[in-house]
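Colleague: So that you have it, the file is run_39.cif, and it contains mmCIF, C-alpha atoms and all ligand atoms:
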data_start
loop_
_atom_site.label_atom_id
_atom_site.label_comp_id
_atom_site.auth_asym_id
_atom_site.auth_seq_id
_atom_site.Cartn_x
_atom_site.Cartn_y
_atom_site.Cartn_z
CA MET A 26 -11.96 10.65 8.83
CA THR A 27 -9.00 12.19 10.67
CA MET A 28 -6.01 9.93 10.47
CA THR A 29 -3.27 12.46 11.07
CA PRO A 30 -1.79 12.88 14.50
CA ALA A 31 -2.19 16.09 16.46
CA SER A 32 1.56 16.22 16.91
CA GLY A 33 4.40 14.42 15.13
CA ASP A 34 4.74 12.01 18.03
CA GLY A 35 1.10 10.99 18.50
CA PRO A 36 -0.51 9.17 20.17
CA PHE A 37 -2.34 8.27 17.00
CA ARG A 38 -5.97 7.33 16.67
CA CYS A 39 -7.09 4.46 14.48
CA PRO A 40 -10.80 3.75 14.07
CA HIS A 41 -10.14 0.01 13.70
CA ALA A 42 -7.79 -0.39 16.65
CA GLY A 43 -10.29 -2.14 18.93
CA LEU A 44 -11.09 -4.97 16.54
CA CYS A 45 -8.13 -5.24 14.18
CA GLY A 46 -5.49 -5.83 16.82
CA GLY A 47 -2.62 -5.46 14.37
CA CYS A 48 -1.03 -2.40 15.95
CA THR A 49 -0.61 -3.34 19.57
CA LEU A 50 1.30 -0.13 20.37
CA MET A 51 -1.24 2.24 18.81
CA GLY A 52 -2.01 3.79 22.20
CA LEU A 53 1.58 5.00 22.68
CA GLY A 54 3.32 8.05 21.28
CA TYR A 55 6.11 7.18 18.85
CA ARG A 56 8.92 8.16 21.24
CA ASP A 57 7.43 5.91 23.91
CA GLN A 58 7.21 3.03 21.44
CA LEU A 59 10.90 3.43 20.65
CA ALA A 60 11.82 3.61 24.34
CA MET A 61 9.87 0.42 25.02
CA LYS A 62 11.59 -1.47 22.19
CA GLN A 63 14.99 -0.19 23.28
CA ALA A 64 14.40 -1.41 26.84
CA ARG A 65 13.25 -4.82 25.65
CA VAL A 66 16.25 -5.38 23.39
CA ALA A 67 18.67 -4.00 26.01
CA ALA A 68 17.29 -6.43 28.60
CA LEU A 69 17.49 -9.45 26.27
CA LEU A 70 20.98 -8.63 25.01
CA LYS A 71 22.37 -7.49 28.37
CA PRO A 72 24.59 -10.58 28.75
CA PHE A 73 26.34 -9.68 25.49
CA GLY A 74 27.07 -5.99 26.05
CA ARG A 75 25.78 -2.51 25.34
CA VAL A 76 22.93 -1.90 22.91
CA GLU A 77 23.15 1.30 20.84
CA PRO A 78 20.09 3.61 20.57
CA ILE A 79 17.30 2.32 18.34
CA ARG A 80 17.10 3.81 14.85
CA GLY A 81 13.55 5.17 14.59
CA MET A 82 11.63 6.60 11.65
CA GLU A 83 11.21 10.29 10.99
CA HIS A 84 7.71 9.69 9.56
CA PRO A 85 6.43 6.45 11.06
CA LEU A 86 3.02 6.27 9.32
CA HIS A 87 2.06 4.34 6.16
CA TYR A 88 5.38 2.52 5.93
CA ARG A 89 4.12 -0.95 4.96
CA ASN A 90 4.71 -1.60 1.26
CA LYS A 91 2.99 -4.98 1.47
CA VAL A 92 -0.71 -4.86 2.16
CA HIS A 93 -3.07 -7.78 2.58
CA ALA A 94 -6.84 -8.25 2.76
CA VAL A 95 -8.88 -11.39 3.29
CA PHE A 96 -12.34 -11.73 1.79
CA ALA A 97 -15.44 -12.88 3.66
CA ALA A 98 -19.20 -12.38 3.64
CA ASP A 99 -20.87 -10.28 6.33
CA ARG A 100 -24.07 -11.41 8.07
CA ARG A 101 -26.18 -10.28 5.15
CA GLY A 102 -23.99 -12.14 2.70
CA ARG A 103 -22.33 -8.98 1.34
CA LEU A 104 -18.67 -9.27 0.26
CA GLN A 105 -16.20 -7.72 2.73
CA ALA A 106 -12.45 -7.27 2.71
CA GLY A 107 -10.37 -6.79 5.83
CA VAL A 108 -8.15 -8.47 8.35
CA TYR A 109 -8.70 -11.36 10.72
CA GLN A 110 -9.66 -10.16 14.18
CA ALA A 111 -6.74 -11.06 16.45
CA GLY A 112 -6.91 -14.70 17.52
CA THR A 113 -10.08 -15.44 15.52
CA HIS A 114 -11.21 -16.20 12.00
CA ARG A 115 -13.68 -13.34 11.98
CA VAL A 116 -12.96 -10.69 9.35
CA VAL A 117 -12.91 -7.03 10.39
CA PRO A 118 -13.44 -4.66 7.45
CA VAL A 119 -10.54 -2.18 7.19
CA GLU A 120 -10.63 0.55 4.59
CA HIS A 121 -7.94 2.89 5.84
CA CYS A 122 -4.91 1.73 7.75
CA LEU A 123 -2.40 3.98 9.52
CA ILE A 124 0.64 1.86 8.78
CA GLU A 125 -0.09 0.67 5.24
CA ASP A 126 0.92 2.38 2.02
CA GLU A 127 -2.09 4.55 1.13
CA ARG A 128 -1.89 3.85 -2.61
CA ALA A 129 -1.92 0.11 -1.89
CA ASP A 130 -4.92 0.55 0.40
CA ALA A 131 -6.74 2.44 -2.36
CA ILE A 132 -6.12 -0.48 -4.76
CA LEU A 133 -7.63 -2.90 -2.24
CA ARG A 134 -10.73 -0.70 -1.90
CA THR A 135 -11.19 -0.78 -5.67
CA VAL A 136 -10.71 -4.56 -5.74
CA LEU A 137 -13.53 -4.85 -3.19
CA GLU A 138 -15.88 -2.51 -5.08
CA LEU A 139 -15.25 -4.24 -8.38
CA ALA A 140 -15.51 -7.71 -6.90
CA ARG A 141 -18.92 -6.75 -5.51
CA SER A 142 -20.09 -5.49 -8.88
CA PHE A 143 -18.77 -8.59 -10.64
CA ARG A 144 -20.57 -10.65 -7.98
CA TYR A 145 -17.55 -12.70 -6.98
CA GLN A 146 -18.21 -14.86 -3.95
CA PRO A 147 -15.81 -14.95 -1.02
CA TYR A 148 -14.22 -18.28 -0.19
CA ASP A 149 -15.88 -19.95 2.78
CA GLU A 150 -13.29 -21.83 4.83
CA ASP A 151 -15.79 -24.10 6.57
CA ARG A 152 -17.86 -25.11 3.56
CA ARG A 153 -14.95 -24.81 1.15
CA THR A 154 -17.08 -22.96 -1.37
CA GLY A 155 -16.68 -19.60 -3.14
CA PHE A 156 -13.94 -18.00 -5.17
CA LEU A 157 -12.02 -15.02 -3.76
CA ARG A 158 -9.68 -15.70 -0.83
CA HIS A 159 -7.17 -12.86 -0.49
CA ALA A 160 -5.76 -9.79 -2.21
CA LEU A 161 -2.17 -8.70 -1.71
CA VAL A 162 -0.48 -5.55 -2.95
CA ARG A 163 3.26 -4.99 -3.07
CA ALA A 164 4.02 -1.36 -3.74
CA GLY A 165 7.57 -0.72 -4.87
CA ARG A 166 8.99 2.72 -5.51
CA THR A 167 8.06 2.64 -9.21
CA GLU A 168 6.25 -0.67 -9.76
CA THR A 169 3.26 -2.18 -8.02
CA MET A 170 1.97 -5.75 -8.01
CA LEU A 171 -1.51 -7.00 -7.13
CA ILE A 172 -1.95 -10.68 -6.32
CA LEU A 173 -5.49 -12.06 -6.30
CA VAL A 174 -5.68 -15.35 -4.45
CA THR A 175 -8.54 -17.52 -5.66
CA ALA A 176 -9.78 -20.95 -4.66
CA ALA A 177 -10.11 -22.17 -8.27
CA PRO A 178 -8.17 -21.55 -11.48
CA PHE A 179 -11.15 -20.38 -13.56
CA PHE A 180 -11.46 -16.58 -13.19
CA PRO A 181 -14.84 -15.42 -14.54
CA ASN A 182 -14.72 -12.20 -16.58
CA LYS A 183 -11.07 -11.76 -15.77
CA ASN A 184 -10.24 -9.49 -18.69
CA ALA A 185 -13.00 -7.02 -17.88
CA PHE A 186 -12.10 -7.13 -14.19
CA VAL A 187 -8.40 -6.47 -14.77
CA LYS A 188 -9.15 -3.73 -17.31
CA ALA A 189 -11.38 -1.90 -14.83
CA LEU A 190 -8.69 -2.23 -12.15
CA LEU A 191 -5.99 -0.81 -14.39
CA GLN A 192 -8.22 2.05 -15.41
CA ALA A 193 -8.74 3.01 -11.79
CA HIS A 194 -5.06 2.48 -10.83
CA PRO A 195 -2.62 3.09 -13.68
CA MET A 196 0.21 2.67 -11.12
CA LEU A 197 -0.44 -1.10 -11.16
CA THR A 198 2.32 -2.60 -13.27
CA THR A 199 1.40 -6.25 -12.84
CA VAL A 200 -1.56 -8.38 -11.74
CA VAL A 201 -1.12 -12.03 -10.78
CA GLN A 202 -3.67 -14.71 -9.97
CA ASN A 203 -2.53 -17.18 -7.35
CA VAL A 204 -4.54 -20.36 -6.92
CA ASN A 205 -4.82 -21.67 -3.40
CA ASP A 206 -7.21 -24.63 -3.30
CA ARG A 207 -5.92 -26.07 -0.04
CA ASP A 208 -7.38 -26.06 3.44
CA THR A 209 -4.65 -23.88 4.91
CA THR A 210 -3.99 -20.70 6.86
CA LEU A 211 -1.20 -19.82 4.40
CA VAL A 212 -2.20 -16.98 2.11
CA LEU A 213 -0.51 -18.12 -1.09
CA GLY A 214 -0.92 -21.37 -2.97
CA ARG A 215 1.67 -22.80 -5.30
CA ARG A 216 0.41 -21.73 -8.74
CA ASP A 217 0.73 -18.23 -10.17
CA THR A 218 -0.82 -17.06 -13.44
CA VAL A 219 0.10 -13.64 -14.78
CA LEU A 220 -3.04 -11.69 -15.69
CA TYR A 221 -1.23 -8.51 -16.64
CA GLY A 222 2.38 -7.28 -16.89
CA LYS A 223 5.59 -9.10 -15.98
CA GLY A 224 4.40 -11.14 -13.00
CA TYR A 225 6.91 -9.55 -10.61
CA ILE A 226 8.01 -6.06 -9.57
CA GLU A 227 11.38 -4.45 -9.78
CA ASP A 228 12.20 -2.27 -6.79
CA HIS A 229 15.20 -0.17 -5.81
CA LEU A 230 17.16 -0.31 -2.55
CA CYS A 231 20.54 1.26 -1.77
CA GLY A 232 21.01 2.17 -5.44
CA LYS A 233 20.51 -1.40 -6.69
CA ALA A 234 17.58 -2.92 -8.59
CA PHE A 235 15.78 -5.99 -7.25
CA ARG A 236 13.23 -8.17 -8.93
CA VAL A 237 10.71 -9.64 -6.47
CA SER A 238 8.34 -12.48 -7.42
CA PRO A 239 5.01 -13.15 -5.70
CA GLN A 240 6.33 -15.96 -3.48
CA ALA A 241 9.62 -14.33 -2.48
CA PHE A 242 10.23 -12.56 0.82
CA TYR A 243 10.82 -8.83 0.63
CA GLN A 244 11.26 -6.37 3.50
CA VAL A 245 8.02 -4.46 4.17
CA ASN A 246 9.52 -1.10 5.20
CA SER A 247 11.77 0.25 2.45
CA ALA A 248 13.07 3.37 4.25
CA GLN A 249 14.15 1.39 7.31
CA THR A 250 15.50 -1.43 5.15
CA GLU A 251 17.96 1.03 3.65
CA ALA A 252 18.94 2.17 7.16
CA LEU A 253 19.36 -1.48 8.20
CA TYR A 254 21.42 -2.47 5.17
CA GLY A 255 23.58 0.61 5.70
CA LEU A 256 24.30 -0.65 9.22
CA VAL A 257 25.02 -4.15 7.92
CA GLY A 258 27.53 -2.62 5.50
CA GLU A 259 29.28 -0.77 8.35
CA MET A 260 29.34 -3.88 10.51
CA ALA A 261 30.63 -6.13 7.70
CA ALA A 262 33.54 -3.67 7.22
CA LEU A 263 34.48 -5.18 3.87
CA THR A 264 37.71 -4.20 2.13
CA GLY A 265 37.27 -5.95 -1.23
CA THR A 266 39.22 -9.13 -0.50
CA GLU A 267 36.68 -11.11 1.55
CA THR A 268 34.74 -14.27 0.86
CA VAL A 269 31.22 -13.49 2.10
CA LEU A 270 28.15 -15.60 2.83
CA ASP A 271 24.65 -14.09 2.75
CA ALA A 272 22.61 -16.75 4.55
CA TYR A 273 18.78 -16.72 4.42
CA CYS A 274 19.25 -14.24 1.57
CA GLY A 275 15.75 -13.93 0.04
CA VAL A 276 16.11 -12.22 -3.36
CA GLY A 277 19.73 -11.40 -2.53
CA THR A 278 19.25 -7.85 -1.29
CA ILE A 279 21.75 -7.72 1.60
CA GLY A 280 24.59 -9.47 -0.22
CA LEU A 281 24.10 -7.70 -3.53
CA THR A 282 24.23 -4.25 -1.93
CA LEU A 283 27.74 -5.26 -0.72
CA ALA A 284 28.91 -7.39 -3.67
CA ASP A 285 31.20 -4.71 -5.09
CA ARG A 286 32.99 -4.48 -1.73
CA CYS A 287 34.04 -8.15 -1.52
CA ARG A 288 35.85 -10.76 -3.58
CA ARG A 289 33.24 -13.48 -3.60
CA LEU A 290 29.63 -13.60 -2.45
CA THR A 291 27.51 -16.72 -1.93
CA GLY A 292 23.82 -16.49 -1.04
CA VAL A 293 21.83 -19.40 0.38
CA GLU A 294 18.03 -19.45 0.42
CA LEU A 295 15.34 -22.12 0.72
CA ASN A 296 12.60 -20.60 -1.47
CA PRO A 297 13.20 -21.47 -5.16
CA GLN A 298 11.38 -18.40 -6.54
CA ALA A 299 13.51 -16.13 -4.34
CA VAL A 300 16.70 -17.88 -5.50
CA ARG A 301 15.71 -17.43 -9.14
CA ASP A 302 15.11 -13.73 -8.44
CA ALA A 303 18.47 -13.47 -6.64
CA ARG A 304 20.35 -14.96 -9.62
CA ILE A 305 18.64 -12.54 -12.00
CA ASN A 306 19.31 -9.69 -9.55
CA ALA A 307 23.03 -10.55 -9.52
CA ARG A 308 23.17 -10.25 -13.30
CA ARG A 309 20.97 -7.14 -13.34
CA ASN A 310 23.39 -5.40 -10.94
CA GLY A 311 26.55 -6.66 -12.64
CA ALA A 312 27.63 -8.73 -9.62
CA VAL A 313 29.75 -11.30 -11.49
CA ASN A 314 31.31 -12.47 -8.20
CA ALA A 315 27.93 -13.59 -6.74
CA LEU A 316 26.54 -17.11 -6.65
CA PHE A 317 23.18 -18.19 -5.24
CA VAL A 318 22.35 -21.64 -3.90
CA CYS A 319 18.88 -23.04 -3.25
CA GLY A 320 18.76 -25.09 -0.06
CA ASP A 321 18.68 -25.20 3.71
CA ALA A 322 21.28 -22.83 5.15
CA GLY A 323 22.25 -25.22 7.99
CA ARG A 324 22.80 -28.12 5.66
CA TRP A 325 24.80 -26.05 3.20
CA MET A 326 26.97 -24.63 5.97
CA ARG A 327 27.69 -28.07 7.38
CA GLU A 328 28.74 -29.34 3.93
CA GLN A 329 31.10 -26.39 3.51
CA ALA A 330 32.64 -26.99 6.93
CA VAL A 331 33.13 -30.69 6.20
CA ARG A 332 34.87 -29.83 2.93
CA GLY A 333 37.18 -27.48 4.76
CA GLU A 334 35.92 -24.38 2.93
CA THR A 335 36.48 -21.03 4.61
CA LEU A 336 34.56 -17.78 4.89
CA ASP A 337 35.74 -14.36 6.01
CA VAL A 338 32.41 -12.72 6.76
CA VAL A 339 28.99 -14.27 7.39
CA LEU A 340 25.85 -12.15 6.97
CA MET A 341 22.77 -13.94 8.27
CA ASP A 342 19.11 -12.90 8.36
CA PRO A 343 17.05 -15.90 9.46
CA PRO A 344 13.25 -15.96 9.88
CA ARG A 345 11.66 -15.33 13.30
CA SER A 346 12.47 -18.83 14.50
CA GLY A 347 16.16 -17.90 14.28
CA SER A 348 19.01 -20.03 13.00
CA ASP A 349 19.73 -23.63 14.00
CA GLU A 350 22.34 -25.82 15.60
CA ALA A 351 23.62 -27.13 12.25
CA PHE A 352 24.26 -23.63 10.93
CA LEU A 353 25.72 -22.13 14.10
CA ASP A 354 27.99 -25.05 14.95
CA ALA A 355 29.34 -25.22 11.38
CA LEU A 356 29.91 -21.45 11.49
CA ILE A 357 31.87 -21.77 14.75
CA HIS A 358 33.94 -24.51 13.13
CA MET A 359 34.66 -22.38 10.04
CA LYS A 360 35.82 -19.40 12.12
CA PRO A 361 34.87 -16.41 9.92
CA ALA A 362 36.44 -13.22 11.34
CA ARG A 363 33.09 -11.42 11.50
CA VAL A 364 29.40 -12.26 11.61
CA VAL A 365 26.58 -9.79 11.04
CA TYR A 366 23.36 -11.21 12.42
CA VAL A 367 20.16 -9.46 11.31
CA SER A 368 17.20 -10.57 13.38
CA CYS A 369 13.47 -9.86 13.45
CA ASP A 370 13.01 -11.55 16.84
CA PRO A 371 15.25 -10.55 19.74
CA GLU A 372 14.35 -13.70 21.72
CA THR A 373 15.73 -16.14 19.16
CA LEU A 374 18.57 -13.69 18.53
CA ALA A 375 19.59 -13.87 22.22
CA ARG A 376 19.40 -17.68 22.09
CA ASP A 377 21.65 -17.84 18.99
CA LEU A 378 24.07 -15.23 20.35
CA LYS A 379 24.56 -17.42 23.39
CA ARG A 380 25.75 -20.21 21.15
CA LEU A 381 27.99 -17.99 19.03
CA THR A 382 29.59 -16.25 22.01
CA ALA A 383 30.25 -19.64 23.61
CA GLY A 384 31.89 -20.64 20.34
CA GLY A 385 34.52 -17.92 20.34
CA TYR A 386 32.66 -14.78 19.20
CA ARG A 387 32.07 -11.53 21.01
CA VAL A 388 29.23 -9.11 20.31
CA THR A 389 30.98 -5.91 19.23
CA ARG A 390 27.91 -3.88 18.17
CA ALA A 391 24.16 -4.26 18.60
CA VAL A 392 21.66 -1.82 17.09
CA PRO A 393 17.85 -2.12 17.11
CA VAL A 394 16.07 -0.73 14.05
CA ASP A 395 12.38 0.16 14.11
CA MET A 396 11.14 -1.63 11.02
CA PHE A 397 7.59 -2.10 12.31
CA PRO A 398 6.29 1.07 14.07
CA PHE A 399 3.04 0.63 16.07
CA THR A 400 3.65 -3.10 16.44
CA GLU A 401 5.71 -4.89 19.05
CA HIS A 402 8.12 -6.28 16.49
CA VAL A 403 11.69 -5.04 16.45
CA GLU A 404 14.59 -5.69 14.13
CA CYS A 405 18.23 -5.80 15.28
CA ALA A 406 21.60 -5.80 13.58
CA VAL A 407 24.42 -7.36 15.60
CA GLN A 408 28.11 -7.50 14.79
CA LEU A 409 30.11 -10.39 16.20
CA THR A 410 33.88 -10.56 16.07
CA ARG A 411 35.94 -13.70 16.43
CA MET A 412 38.08 -13.87 19.57
CA GLN A 413 41.08 -16.13 19.96
CA ARG A 414 39.97 -18.10 22.98
CA GLN A 415 36.95 -20.35 23.23
CA THR A 416 34.86 -20.96 26.33
CA GLN A 417 34.10 -24.41 27.75
CA ASP A 418 30.63 -24.30 26.07
CA GLY A 419 32.28 -23.46 22.77
CA ARG A 420 34.68 -26.39 23.02
CA GLN A 421 31.69 -28.63 23.72
CA ALA A 422 29.84 -27.26 20.66
CA LYS A 423 32.93 -27.95 18.57
CA ALA A 424 33.26 -31.50 19.91
CA ARG A 425 29.54 -32.11 19.28
CA TRP A 426 29.95 -30.86 15.75
CA GLU A 427 33.00 -32.99 15.07
CA ARG A 428 31.22 -36.13 16.34
CA LYS A 429 28.33 -35.47 13.93
CA GLY A 430 30.52 -34.47 11.01
N1 LIG B 501 17.82 -11.28 3.79
C1 LIG B 501 16.59 -11.20 3.06
C2 LIG B 501 15.51 -12.19 3.52
C3 LIG B 501 15.31 -12.35 5.00
S1 LIG B 501 13.84 -13.20 5.47
C4 LIG B 501 16.07 -9.79 3.02
O1 LIG B 501 16.57 -8.91 3.75
O2 LIG B 501 15.15 -9.51 2.26
C5 LIG B 501 14.41 -14.80 5.79
C6 LIG B 501 14.60 -15.65 4.55
O3 LIG B 501 15.05 -16.94 4.98
C7 LIG B 501 13.34 -15.93 3.73
O4 LIG B 501 13.59 -15.58 2.38
C8 LIG B 501 13.10 -17.44 3.87
O5 LIG B 501 12.58 -18.03 2.70
C9 LIG B 501 14.51 -17.94 4.14
N2 LIG B 501 14.64 -19.21 4.87
C10 LIG B 501 13.83 -19.71 5.85
N3 LIG B 501 14.34 -20.86 6.33
C11 LIG B 501 15.49 -21.10 5.67
C12 LIG B 501 16.48 -22.14 5.73
N4 LIG B 501 16.36 -23.15 6.58
N5 LIG B 501 17.54 -22.07 4.90
C13 LIG B 501 17.67 -21.03 4.03
N6 LIG B 501 16.77 -20.03 3.93
C14 LIG B 501 15.69 -20.05 4.73
#
Could you spell out this file's structure in structure tokens?
Modeller:
Amino acid sequence: MTMTPASGDGPFRCPHAGLCGGCTLMGLGYRDQLAMKQARVAALLKPFGRVEPIRGMEHPLHYRNKVHAVFAADRRGRLQAGVYQAGTHRVVPVEHCLIEDERADAILRTVLELARSFRYQPYDEDRRTGFLRHALVRAGRTETMLILVTAAPFFPNKNAFVKALLQAHPMLTTVVQNVNDRDTTLVLGRRDTVLYGKGYIEDHLCGKAFRVSPQAFYQVNSAQTEALYGLVGEMAALTGTETVLDAYCGVGTIGLTLADRCRRLTGVELNPQAVRDARINARRNGAVNALFVCGDAGRWMREQAVRGETLDVVLMDPPRSGSDEAFLDALIHMKPARVVYVSCDPETLARDLKRLTAGGYRVTRAVPVDMFPFTEHVECAVQLTRMQRQTQDGRQAKARWERKG
């Protein structure tokens, strides 16, 4: 199978493109993809100022360090592993993917072969029968985790299965069973059992070490994550004296890469496993000035504002749905000198920037970063700087906040 492009820029050919539907920009050369993303972000952020050129990848293939397969039976009842066909619950078998880490893909192929020989049955969503639901690989630079999601806790022949897997892929450093017995479209259930190794991976970004547990969020494109965090560092412009918030912090990656450039760092994150990782990561990297809080970022921010606490710099990296009124209004009230907003959805970013600019901030830099080549998704880093004067909208936001507080 030829998977390599004729030229460095493509267009690239993927044998699964018609059915998989994951890479909606597969038909475009890489330069055209970048131009399209640039134009989209520039249009959405036009009211706030100039958008700098998008930071693209030098080698845009096989960047995804997190790889997922769902199990199903084909018409003849044979076990298959693949992806859901876009907009359906039909499973398209995918053996080689242009954007996924190739070593992770190879592990998934072995999982499928072994599962067939061990006669494991795929989980059937309609009848709620069967055993295997999903397999997930997270490939770090030196450690790799496989998560097998099963419908029931009992794992037949698990020792022999894991042993065969490890023999085929000595790069696997940990194997985890996750039990998901619920009728849900979410991949992971609540319970994890370690079948082999530590139950998490340790990865390296920007010269720091990060532990990542199965349930914690971790950026999928390591090379571009380093580029993004480098930009965040520039935009935060820390001098060593600042009190910094890392909101929506995951395992603490953004804040901890900057902890030695500020006085105090607080991270806030909703997912308890991620918070536990972040606390361990702080110790692991010697960040004695860092503190991590488990909770809703908006609620935490409002409490801080009510108590009259102050912040110098706010780093925020919310999920696709963006931030919320509670967080943004409390931020406006607290008046940090700078905000660095990292966004994976330019639409919700534009919505939130409207609120922040009305509340006395000005967008002073905006840079798209291509974290997800071949897909329509685009990441952005935006620097906002506090201005002295507030607009009418901003005064209203402040009044609204004060009434609620
Ligand atoms: N900054 C991190 C994680 C960004 S992803 C990194 O670069 O890796 C967004 C994170 O926000 C996820 O970890 C998610 O669990 C968390 N999150 C979602 N809603 C939240 C909320 N209301 N309050 C705090 N954290 C939230």
Colleague: As a VMD selection string, please: the residues near A:Gly275 (cut-off 12 Å, all atoms listed in the file, same-chain neighbours under 2 positions excluded).
Modeller: chain A and resid 235 to 238 240 to 244 271 to 273 277 to 281 292 to 304 306 317 to 320 322 341 to 344
Colleague: Write out as a list in words the residues lying within 7 Å of A:Ala98, counting all atoms listed in the file and excluding same-chain residues fewer than 6 positions away.
Modeller: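 Within the cut-off, the hits are Leu104, Gln105 and Pro147 of chain A.
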Colleague: Hey, can you check how far atom CA of A:Arg411 sits from atom CA of A:Ala307?
Modeller: 29.2 Å
Colleague: Could you tell me how far atom CA of A:Val394 lies from atom CA of A:Ala94, in Å and to one decimal?
Modeller: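 Going from atom CA of A:Val394 over to atom CA of A:Ala94, I get 26.6 Å.
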Colleague: Please, what is the axis-aligned box for every listed atom of ligand LIG 501 (chain B) with 3 Å on each side, as centre and edge lengths in Å to one decimal, as AutoDock Vina command-line options?
Modeller:
--center_x 15.2 --center_y -16.0 --center_z 4.4 --size_x 11.2 --size_y 20.2 --size_z 10.3
Colleague: Name the residues within 7 Å of (24.6, -2.0, 19.2), counting only C-alpha atoms in the file's coordinates, and put them as a PyMOL selection string.
Modeller: chain A and resi 75-77+390-392+407
Colleague: Measuring atom to atom with all atoms listed in the file, identify which of A:Asn90, A:Arg101, A:Leu157, A:Pro178 is nearest to A:Glu127.
Modeller: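 The closest residue to A:Glu127 is A:Asn90.
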Colleague: Would you kindly place N, CA, C and O atoms on stretch 206-218 of chain A and return the model as a compact mmCIF listing (two decimals), keeping the file's coordinate frame?
Modeller:
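Full text of out36.txt as output:
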# COMPACT_ATOMS: atom_id res chain seq x y z
N ASP A 206 -6.02 -23.79 -3.46
CA ASP A 206 -7.21 -24.63 -3.30
C ASP A 206 -7.10 -25.52 -2.07
O ASP A 206 -7.86 -26.45 -1.90
N ARG A 207 -6.12 -25.20 -1.20
CA ARG A 207 -5.92 -26.07 -0.04
C ARG A 207 -6.57 -25.51 1.22
O ARG A 207 -6.82 -24.32 1.33
N ASP A 208 -6.81 -26.42 2.16
CA ASP A 208 -7.38 -26.06 3.44
C ASP A 208 -6.22 -25.62 4.33
O ASP A 208 -5.61 -26.43 5.01
N THR A 209 -5.87 -24.34 4.27
CA THR A 209 -4.65 -23.88 4.91
C THR A 209 -4.79 -22.44 5.40
O THR A 209 -5.60 -21.68 4.87
N THR A 210 -4.00 -22.09 6.41
CA THR A 210 -3.99 -20.70 6.86
C THR A 210 -2.96 -19.89 6.07
O THR A 210 -2.88 -18.68 6.21
N LEU A 211 -2.16 -20.56 5.24
CA LEU A 211 -1.20 -19.82 4.40
C LEU A 211 -1.97 -19.02 3.36
O LEU A 211 -2.98 -19.49 2.84
N VAL A 212 -1.49 -17.83 3.07
CA VAL A 212 -2.20 -16.98 2.11
C VAL A 212 -2.03 -17.50 0.69
O VAL A 212 -3.00 -17.66 -0.05
N LEU A 213 -0.78 -17.78 0.31
CA LEU A 213 -0.51 -18.12 -1.09
C LEU A 213 -0.49 -19.62 -1.34
O LEU A 213 0.05 -20.39 -0.55
N GLY A 214 -1.05 -20.00 -2.48
CA GLY A 214 -0.92 -21.37 -2.97
C GLY A 214 0.31 -21.47 -3.86
O GLY A 214 1.10 -20.53 -3.94
N ARG A 215 0.43 -22.59 -4.55
CA ARG A 215 1.67 -22.80 -5.30
C ARG A 215 1.67 -22.22 -6.71
O ARG A 215 2.70 -21.91 -7.25
N ARG A 216 0.44 -22.11 -7.32
CA ARG A 216 0.41 -21.73 -8.74
C ARG A 216 0.15 -20.24 -8.95
O ARG A 216 -0.77 -19.68 -8.37
N ASP A 217 0.95 -19.62 -9.79
CA ASP A 217 0.73 -18.23 -10.17
C ASP A 217 0.44 -18.14 -11.66
O ASP A 217 1.10 -18.80 -12.45
N THR A 218 -0.55 -17.33 -12.02
CA THR A 218 -0.82 -17.06 -13.44
C THR A 218 -0.77 -15.55 -13.61
O THR A 218 -1.43 -14.82 -12.85
